[in-house]
Amino acid sequence: MVTTRTTCAYCGVGCGILATPRGGRVVEIAGDPDHPANRGRLCSKGTHLGETVGLEGRLLHPMVGDRRVGWDRAVDLVARRFRETIARHGPDSVAFYVSGQLLTEDYYVANKLMKGFIGSANIDTNSRLCMSSAVAGHLRAFGEDIVPASYDDLDVADLIVLVGSNTAWCHPVVYQRIMAARAARGTRLVVIDPRRTETAEEADLHLPLRPGSDVALMNGLLAWCRAEGIVDANFLADSVAVPEGFWEGLDQGCDLWSTARACDLAPADLRRFFELFAAHPRTVTLFSQGINQSLRGTDQVNAIVNLHLATGRIGKPGAAPFSITGQPNAMGGREVGGLASTLAAHMDFAPDNVARVGRFWAAANMATKPGLKAVDLFRSVREGRIKALWIMATNPAVSMPDAGMVREALAACPFVVVSDVIADTDTGRFAHVRLPAAGWGEKDGTVTNSERMISRQRPILSLPGEARPDWWIVTQVARRMGWASAFAFDRPADIWREHARLTAYQNDGRRLLDLRSAAAISNAAYDTLAPFRWGGDAFADGWFPTPDGRARLVSVAQARLGDPLRDWPMTLNTGRYRDHWHTMTRTGLSPKLSRHREEPLAELHPQDLAVLGIAEGDIVRVATPQGASLFRARSSEGQRPGEVFVPIHWTDRQASGGRAGLLPRDLTDPHSGQPGFKATPARVEKVALGWRGFLITRGDAPVFPPALWTTRVTVPGGALYELAGEGDAVALEACLPRGQRIEAVDRARGGWRVAILAEDRLAAVLFVTATGELPDRDWLIAQLDAAQVGPALLAGRAPGARVDRGAVVCVCYDVGLRTIIAAIADQSLADVAAIGQALGAGTNCGSCRPALARILAETRATLPEKRHAAE
Ligand code: SF4
């Protein structure tokens, strides 16, 4: 079998992958040792990509409503409805909502169609939710959206500051690179995050600042640097424009004591951070969604960039502000202009740029002004101004803030098209037309990672059913709308060449994005294109792509942080889990990835749990003025009191609760249009329950279990549902398959246990209790695979069977929490390497090493003293 070099489907680290098909839809995955981004490393998500390429749940044919149609009919209909809508209501009555999951070539043709031929800029992307504040901050400071850093900088920095980034979970391979640098060079690490995450556990210093106080922190540090003589006067004089009153603005309220008060930090910790910063000129400040997803995201970005510009820590090895992106091709989308606020190839809507791009495209119908950003776009759909919407490779009914409003908008929209790989998504349920798109492993094109490195994604598997690449679907519609010659692309390489030529077109060196060296490559050269990083060591010469060649300091002031509201006294923060990706349409297919976190948890500080009368494991309602959803409560010392954290991943397809998208406000940063997901006023309350239970089924349940709390995860051979409800649990009968029935009822404790056998194998077990205990799930799950089921099914455990391994920590070797704790205690394991030797945990992808370190510390802290002494 031929091994193909390709790129991971998930985060913006952009890891290279060696993929080897093993027949059918089986693909063996390994890290590419020659890819500069990861040098052979992969995290848990990348390692288990092979488990997500099956055809389960795939959309395989074009669908109009519930009717399967041919491609001709589907794209004819899409083209006709868009044409008619534009003819009747104008170009701004239609919109595309696209995704950082698209390849650059897909993005390019969608952007060209909307901005050059339809004549509107109403194309925005889910990257708006992810990093548009970084884009706006870069434009204000540098004149162009340039990330002035690479992963190599992490190897040579002396100090790495992680701001609003749970790197260990969200960008694990970058995190491992940071850990390797620490081991090799003693690189100092500071983590600035309201939560004490696994990333923070490893840091020299963790600053759990008040949410939204980042500008105060960075301004305080800059004021301190100036007072200590650490600003780089020469660099400022040569390369930076300082606006009038900039330094005076820092003279007020930015002293160490005021800063500590504003950020709710201990002054001694703040001073330690300032001194670390002063002592290490080679500083990388890496930031992510904690900075970007804020109503002041752009100012927060500029506060960080100001610091680096003023101290000359930019354009030098190991010294840079570094925005790391969430999605695999958010950067490619930025390069082609896939945001409504940019035009194409890093050009904006200045009249000469519009004319230039119009000439290049030979477009008679150029958009002349920015379009609607994501939140405004969906608001416009709801208000009836947008009447035809095409959504590609994203699930806004789940992921947008105030997602209830988005659902209303989709329900009211006269024509919704969804291109996706998955047949049944929360968004797809609103579609009039669903178009089957190619998935990872079938796509062919390029992506750009967080450090500006362009890599190829190559096909490994043949296209299933009638699925087609997104670029092909868009060009088919464009041709039918009357623009055949402008969209006469036969292959991704054709699109790549045009995109690269546009970056070079009339580019006199003032736009750093210039791919002319790769603009004339042959099809064969495109096929074998090796990863390359455009823009080189940006800003190393002190020149910036502004009219006068200087970067800009931007005056930013800390916004007032209000007191908690009486009715909404808590602050809600949202984010990712280690092993899941966005709305789980792919990672949810993997039994291994599903076991790290099986349910959506609301993490609260123990003090808050006590005050609210909530016990760990209770079901709680998290409510905001926008909506409410249920979560399982979890106690976390890492939370600041008064704050609650929930994950973003759960949808109606996997759970009756856990819908984080319903909760945040649809308010946005005034510069970037990025919503603030990180600090929503909220309330948390316990939900009274009558019973708890679980259901394990071979394959899936015939009916999604009707209960107040239902969450589903994939397990080997089937699905596990955790359940809780009020009243009588009898409605769960509907989700049991047919077969031979073994049943026990315990009326005293409200207990009900049912096992269903079909062809002598276990088809389902349902356990319900009102007051009793429930058995662990692992043994019962294993019975799905057993050739013969034992008599102990209704006991939930074979006589003498070992206790469950507990929540899975290491997904690669399937090692659970209880197993690790027992091994640490019984074998006196003293470090993470020893755990690896004993259990294998942490020795493959390494994503669980931060968790192992934490478990080790917590377990050893509870061991009897004499045991330590004996070691
Ligand atoms: S860090 Fe993990 S998810 Fe991100 S690109 Fe690498 S393997 Fe994929």
# chains A, B, ... in the order shown; residues from 1 in each chain; ligands from 1
>>> residues_near_ligand(ligand="ligand 1", cutoff="6 Å", atoms="only C-alpha atoms and all ligand atoms", output="JSON, numbers by chain")
{"A": [8, 10, 11, 12, 13, 14, 15, 42, 43, 45, 46, 171, 172, 173]}
>>> residues_around(residues="Gly100 in chain A", least_positions_apart="6", cutoff="8 Å", atoms="only C-alpha atoms", output="ChimeraX atom specification")
/A:125-127,327-333
>>> write_last_selection(atoms="C-alpha atoms", output="PDB file, in the first residue's frame")
ATOM      1  CA  THR A 125     -16.480  32.213   7.805  1.00  0.00           C
ATOM      2  CA  ASN A 126     -16.563  30.415  11.113  1.00  0.00           C
ATOM      3  CA  SER A 127     -12.999  31.693  11.482  1.00  0.00           C
ATOM      4  CA  GLN A 327      -8.780  25.654  12.656  1.00  0.00           C
ATOM      5  CA  PRO A 328      -6.661  23.791  10.105  1.00  0.00           C
ATOM      6  CA  ASN A 329      -7.076  26.395   7.394  1.00  0.00           C
ATOM      7  CA  ALA A 330      -8.189  29.593   9.069  1.00  0.00           C
ATOM      8  CA  MET A 331      -4.993  31.106   7.700  1.00  0.00           C
ATOM      9  CA  GLY A 332      -5.664  29.940   4.134  1.00  0.00           C
ATOM     10  CA  GLY A 333      -9.065  31.571   4.373  1.00  0.00           C
TER      11      GLY A 333
END
>>> closest_residue(among="A:Met347, A:Ala530, A:Ala551, A:Leu667", to="Leu512 in chain A", atoms="only C-alpha atoms")
A:Met347
>>> atom_distance(atom1="CA of Met366 in chain A", atom2="CA of Tyr526 in chain A")
29.5 Å
>>> closest_residue(among="A:Val163, A:Ala149, A:Ile192, A:Ala764", to="Gly535 in chain A", atoms="only C-alpha atoms")
A:Ala149
>>> select_by_dssp(residues="range 79-247 of chain A", states="helix (DSSP H, G or I)", output="VMD selection string")
chain A and resid 79 to 89 91 to 93 104 to 118 126 to 129 132 to 142 151 to 156 167 to 170 172 to 185 198 to 201 214 to 227 233 to 239 246 to 247
>>> residues_around(residues="range 377-379 of chain A", least_positions_apart="2", cutoff="8 Å", atoms="only C-alpha atoms", output="list in words")
Ala95, Asn122, Leu372, Lys373, Ala374, Val375, Val381, Arg382, Glu383, Ile386, Met405, Val406 and Ala409 of chain A
>>> write_last_selection(atoms="N, CA and C atoms", output="mmCIF file, in the first residue's frame")
data_model
loop_
_atom_site.group_PDB
_atom_site.id
_atom_site.type_symbol
_atom_site.label_atom_id
_atom_site.label_comp_id
_atom_site.auth_asym_id
_atom_site.auth_seq_id
_atom_site.Cartn_x
_atom_site.Cartn_y
_atom_site.Cartn_z
ATOM 1 N N ALA A 95 -25.974 35.129 0.657
ATOM 2 C CA ALA A 95 -24.756 35.059 1.479
ATOM 3 C C ALA A 95 -24.197 33.644 1.474
ATOM 4 N N ASN A 122 -20.907 39.414 1.047
ATOM 5 C CA ASN A 122 -21.569 38.636 2.096
ATOM 6 C C ASN A 122 -21.077 37.197 2.107
ATOM 7 N N LEU A 372 -21.320 41.418 5.432
ATOM 8 C CA LEU A 372 -21.790 41.210 6.809
ATOM 9 C C LEU A 372 -20.933 40.163 7.507
ATOM 10 N N LYS A 373 -20.481 40.528 8.716
ATOM 11 C CA LYS A 373 -19.729 39.570 9.520
ATOM 12 C C LYS A 373 -20.704 38.574 10.147
ATOM 13 N N ALA A 374 -20.186 37.434 10.578
ATOM 14 C CA ALA A 374 -21.025 36.267 10.916
ATOM 15 C C ALA A 374 -22.277 36.605 11.728
ATOM 16 N N VAL A 375 -22.112 37.280 12.865
ATOM 17 C CA VAL A 375 -23.284 37.517 13.718
ATOM 18 C C VAL A 375 -24.297 38.402 12.993
ATOM 19 N N VAL A 381 -30.276 37.365 8.147
ATOM 20 C CA VAL A 381 -31.110 36.251 7.667
ATOM 21 C C VAL A 381 -32.422 36.242 8.442
ATOM 22 N N ARG A 382 -32.314 36.392 9.767
ATOM 23 C CA ARG A 382 -33.529 36.334 10.590
ATOM 24 C C ARG A 382 -34.477 37.484 10.255
ATOM 25 N N GLU A 383 -33.875 38.635 9.923
ATOM 26 C CA GLU A 383 -34.724 39.800 9.637
ATOM 27 C C GLU A 383 -35.238 39.798 8.202
ATOM 28 N N ILE A 386 -31.506 38.718 4.085
ATOM 29 C CA ILE A 386 -30.823 37.677 3.302
ATOM 30 C C ILE A 386 -31.821 36.555 3.071
ATOM 31 N N MET A 405 -31.118 32.025 18.223
ATOM 32 C CA MET A 405 -31.445 33.033 17.210
ATOM 33 C C MET A 405 -31.061 32.508 15.819
ATOM 34 N N VAL A 406 -29.911 31.826 15.741
ATOM 35 C CA VAL A 406 -29.452 31.298 14.447
ATOM 36 C C VAL A 406 -30.448 30.267 13.923
ATOM 37 N N ALA A 409 -33.341 31.991 12.515
ATOM 38 C CA ALA A 409 -32.977 32.580 11.224
ATOM 39 C C ALA A 409 -33.021 31.525 10.129
#
>>> closest_residue(among="A:Ala538, A:Val161, A:Met114, A:Ala345", to="Leu502 in chain A", atoms="only C-alpha atoms")
A:Ala345
>>> residues_around(residues="Gly23 in chain A", least_positions_apart="5", cutoff="12 Å", atoms="only C-alpha atoms", output="count of residues only")
7
>>> residues_around(residues="His582 in chain A", least_positions_apart="4", cutoff="10 Å", atoms="only C-alpha atoms", output="ChimeraX atom specification")
/A:10,326-327,394-395,398-399,575-577,586-587,647-651
>>> write_last_selection(atoms="N, CA, C and O atoms", output="PDB file, in the first residue's frame")
ATOM      1  N   TYR A  10      -7.485  18.801  11.779  1.00  0.00           N
ATOM      2  CA  TYR A  10      -8.036  19.531  12.928  1.00  0.00           C
ATOM      3  C   TYR A  10      -7.382  20.894  13.137  1.00  0.00           C
ATOM      4  O   TYR A  10      -7.667  21.819  12.396  1.00  0.00           O
ATOM      5  N   GLY A 326      -7.243  28.339  15.605  1.00  0.00           N
ATOM      6  CA  GLY A 326      -7.942  27.138  16.036  1.00  0.00           C
ATOM      7  C   GLY A 326      -8.108  26.125  14.925  1.00  0.00           C
ATOM      8  O   GLY A 326      -8.007  24.927  15.148  1.00  0.00           O
ATOM      9  N   GLN A 327      -8.365  26.567  13.717  1.00  0.00           N
ATOM     10  CA  GLN A 327      -8.780  25.654  12.656  1.00  0.00           C
ATOM     11  C   GLN A 327      -7.637  25.339  11.681  1.00  0.00           C
ATOM     12  O   GLN A 327      -6.686  26.105  11.565  1.00  0.00           O
ATOM     13  N   THR A 394     -19.659  23.693   7.958  1.00  0.00           N
ATOM     14  CA  THR A 394     -19.723  24.217   9.312  1.00  0.00           C
ATOM     15  C   THR A 394     -21.144  24.070   9.849  1.00  0.00           C
ATOM     16  O   THR A 394     -22.078  23.816   9.091  1.00  0.00           O
ATOM     17  N   ASN A 395     -21.285  24.224  11.159  1.00  0.00           N
ATOM     18  CA  ASN A 395     -22.519  23.856  11.847  1.00  0.00           C
ATOM     19  C   ASN A 395     -22.981  25.026  12.727  1.00  0.00           C
ATOM     20  O   ASN A 395     -22.979  24.940  13.955  1.00  0.00           O
ATOM     21  N   VAL A 398     -25.152  25.176  15.960  1.00  0.00           N
ATOM     22  CA  VAL A 398     -24.554  24.794  17.243  1.00  0.00           C
ATOM     23  C   VAL A 398     -23.498  25.799  17.672  1.00  0.00           C
ATOM     24  O   VAL A 398     -23.410  26.185  18.836  1.00  0.00           O
ATOM     25  N   SER A 399     -22.683  26.245  16.727  1.00  0.00           N
ATOM     26  CA  SER A 399     -21.449  26.929  17.111  1.00  0.00           C
ATOM     27  C   SER A 399     -21.575  28.440  17.249  1.00  0.00           C
ATOM     28  O   SER A 399     -20.746  29.064  17.909  1.00  0.00           O
ATOM     29  N   GLY A 575     -15.107  26.572  26.076  1.00  0.00           N
ATOM     30  CA  GLY A 575     -13.862  26.179  25.405  1.00  0.00           C
ATOM     31  C   GLY A 575     -13.883  24.732  24.971  1.00  0.00           C
ATOM     32  O   GLY A 575     -14.936  24.089  24.954  1.00  0.00           O
ATOM     33  N   ARG A 576     -12.696  24.244  24.626  1.00  0.00           N
ATOM     34  CA  ARG A 576     -12.584  22.906  24.030  1.00  0.00           C
ATOM     35  C   ARG A 576     -12.158  21.851  25.039  1.00  0.00           C
ATOM     36  O   ARG A 576     -11.514  22.161  26.029  1.00  0.00           O
ATOM     37  N   TYR A 577     -12.471  20.613  24.686  1.00  0.00           N
ATOM     38  CA  TYR A 577     -11.884  19.456  25.362  1.00  0.00           C
ATOM     39  C   TYR A 577     -10.703  18.947  24.537  1.00  0.00           C
ATOM     40  O   TYR A 577     -10.592  19.225  23.342  1.00  0.00           O
ATOM     41  N   ARG A 586     -17.004  14.432  13.610  1.00  0.00           N
ATOM     42  CA  ARG A 586     -15.995  13.410  13.286  1.00  0.00           C
ATOM     43  C   ARG A 586     -15.427  12.746  14.539  1.00  0.00           C
ATOM     44  O   ARG A 586     -15.427  11.528  14.637  1.00  0.00           O
ATOM     45  N   THR A 587     -14.912  13.549  15.489  1.00  0.00           N
ATOM     46  CA  THR A 587     -14.296  12.912  16.660  1.00  0.00           C
ATOM     47  C   THR A 587     -15.309  12.070  17.434  1.00  0.00           C
ATOM     48  O   THR A 587     -14.928  11.106  18.089  1.00  0.00           O
ATOM     49  N   PRO A 647     -17.974  23.032  27.888  1.00  0.00           N
ATOM     50  CA  PRO A 647     -17.363  22.760  26.572  1.00  0.00           C
ATOM     51  C   PRO A 647     -18.289  23.174  25.432  1.00  0.00           C
ATOM     52  O   PRO A 647     -19.497  23.284  25.607  1.00  0.00           O
ATOM     53  N   ILE A 648     -17.684  23.338  24.241  1.00  0.00           N
ATOM     54  CA  ILE A 648     -18.444  23.840  23.089  1.00  0.00           C
ATOM     55  C   ILE A 648     -18.994  22.734  22.183  1.00  0.00           C
ATOM     56  O   ILE A 648     -19.670  23.022  21.217  1.00  0.00           O
ATOM     57  N   HIS A 649     -18.691  21.474  22.474  1.00  0.00           N
ATOM     58  CA  HIS A 649     -18.809  20.446  21.432  1.00  0.00           C
ATOM     59  C   HIS A 649     -20.188  19.818  21.245  1.00  0.00           C
ATOM     60  O   HIS A 649     -20.490  19.284  20.190  1.00  0.00           O
ATOM     61  N   TRP A 650     -21.020  19.808  22.287  1.00  0.00           N
ATOM     62  CA  TRP A 650     -22.213  18.962  22.229  1.00  0.00           C
ATOM     63  C   TRP A 650     -23.332  19.580  21.393  1.00  0.00           C
ATOM     64  O   TRP A 650     -23.547  20.795  21.418  1.00  0.00           O
ATOM     65  N   THR A 651     -24.042  18.718  20.673  1.00  0.00           N
ATOM     66  CA  THR A 651     -25.127  19.142  19.793  1.00  0.00           C
ATOM     67  C   THR A 651     -26.380  18.331  20.109  1.00  0.00           C
ATOM     68  O   THR A 651     -26.326  17.379  20.905  1.00  0.00           O
TER      69      THR A 651
END
>>> residues_around(residues="Ala268 in chain A", least_positions_apart="6", cutoff="12 Å", atoms="only C-alpha atoms", output="ChimeraX atom specification")
/A:205,207,256-257,259-261,274-275
>>> write_last_selection(atoms="C-alpha atoms", output="PDB file, in the first residue's frame")
ATOM      1  CA  LEU A 205       3.960  31.009  37.026  1.00  0.00           C
ATOM      2  CA  LEU A 207      -1.682  34.252  36.655  1.00  0.00           C
ATOM      3  CA  LEU A 256       1.717  47.659  39.568  1.00  0.00           C
ATOM      4  CA  TRP A 257      -0.762  48.003  42.440  1.00  0.00           C
ATOM      5  CA  THR A 259      -2.908  46.649  37.689  1.00  0.00           C
ATOM      6  CA  ALA A 260      -2.970  43.907  40.301  1.00  0.00           C
ATOM      7  CA  ARG A 261      -6.287  45.243  41.589  1.00  0.00           C
ATOM      8  CA  PHE A 274       7.129  41.632  35.087  1.00  0.00           C
ATOM      9  CA  GLU A 275      10.632  40.715  36.236  1.00  0.00           C
TER      10      GLU A 275
END
>>> residues_around(residues="range 307-320 of chain A", least_positions_apart="4", cutoff="8 Å", atoms="only C-alpha atoms", output="PyMOL selection string")
chain A and resi 148-149+152-158+218-219+221-222+225+230-233+235-236+240+281-285+303+537-542+551+553
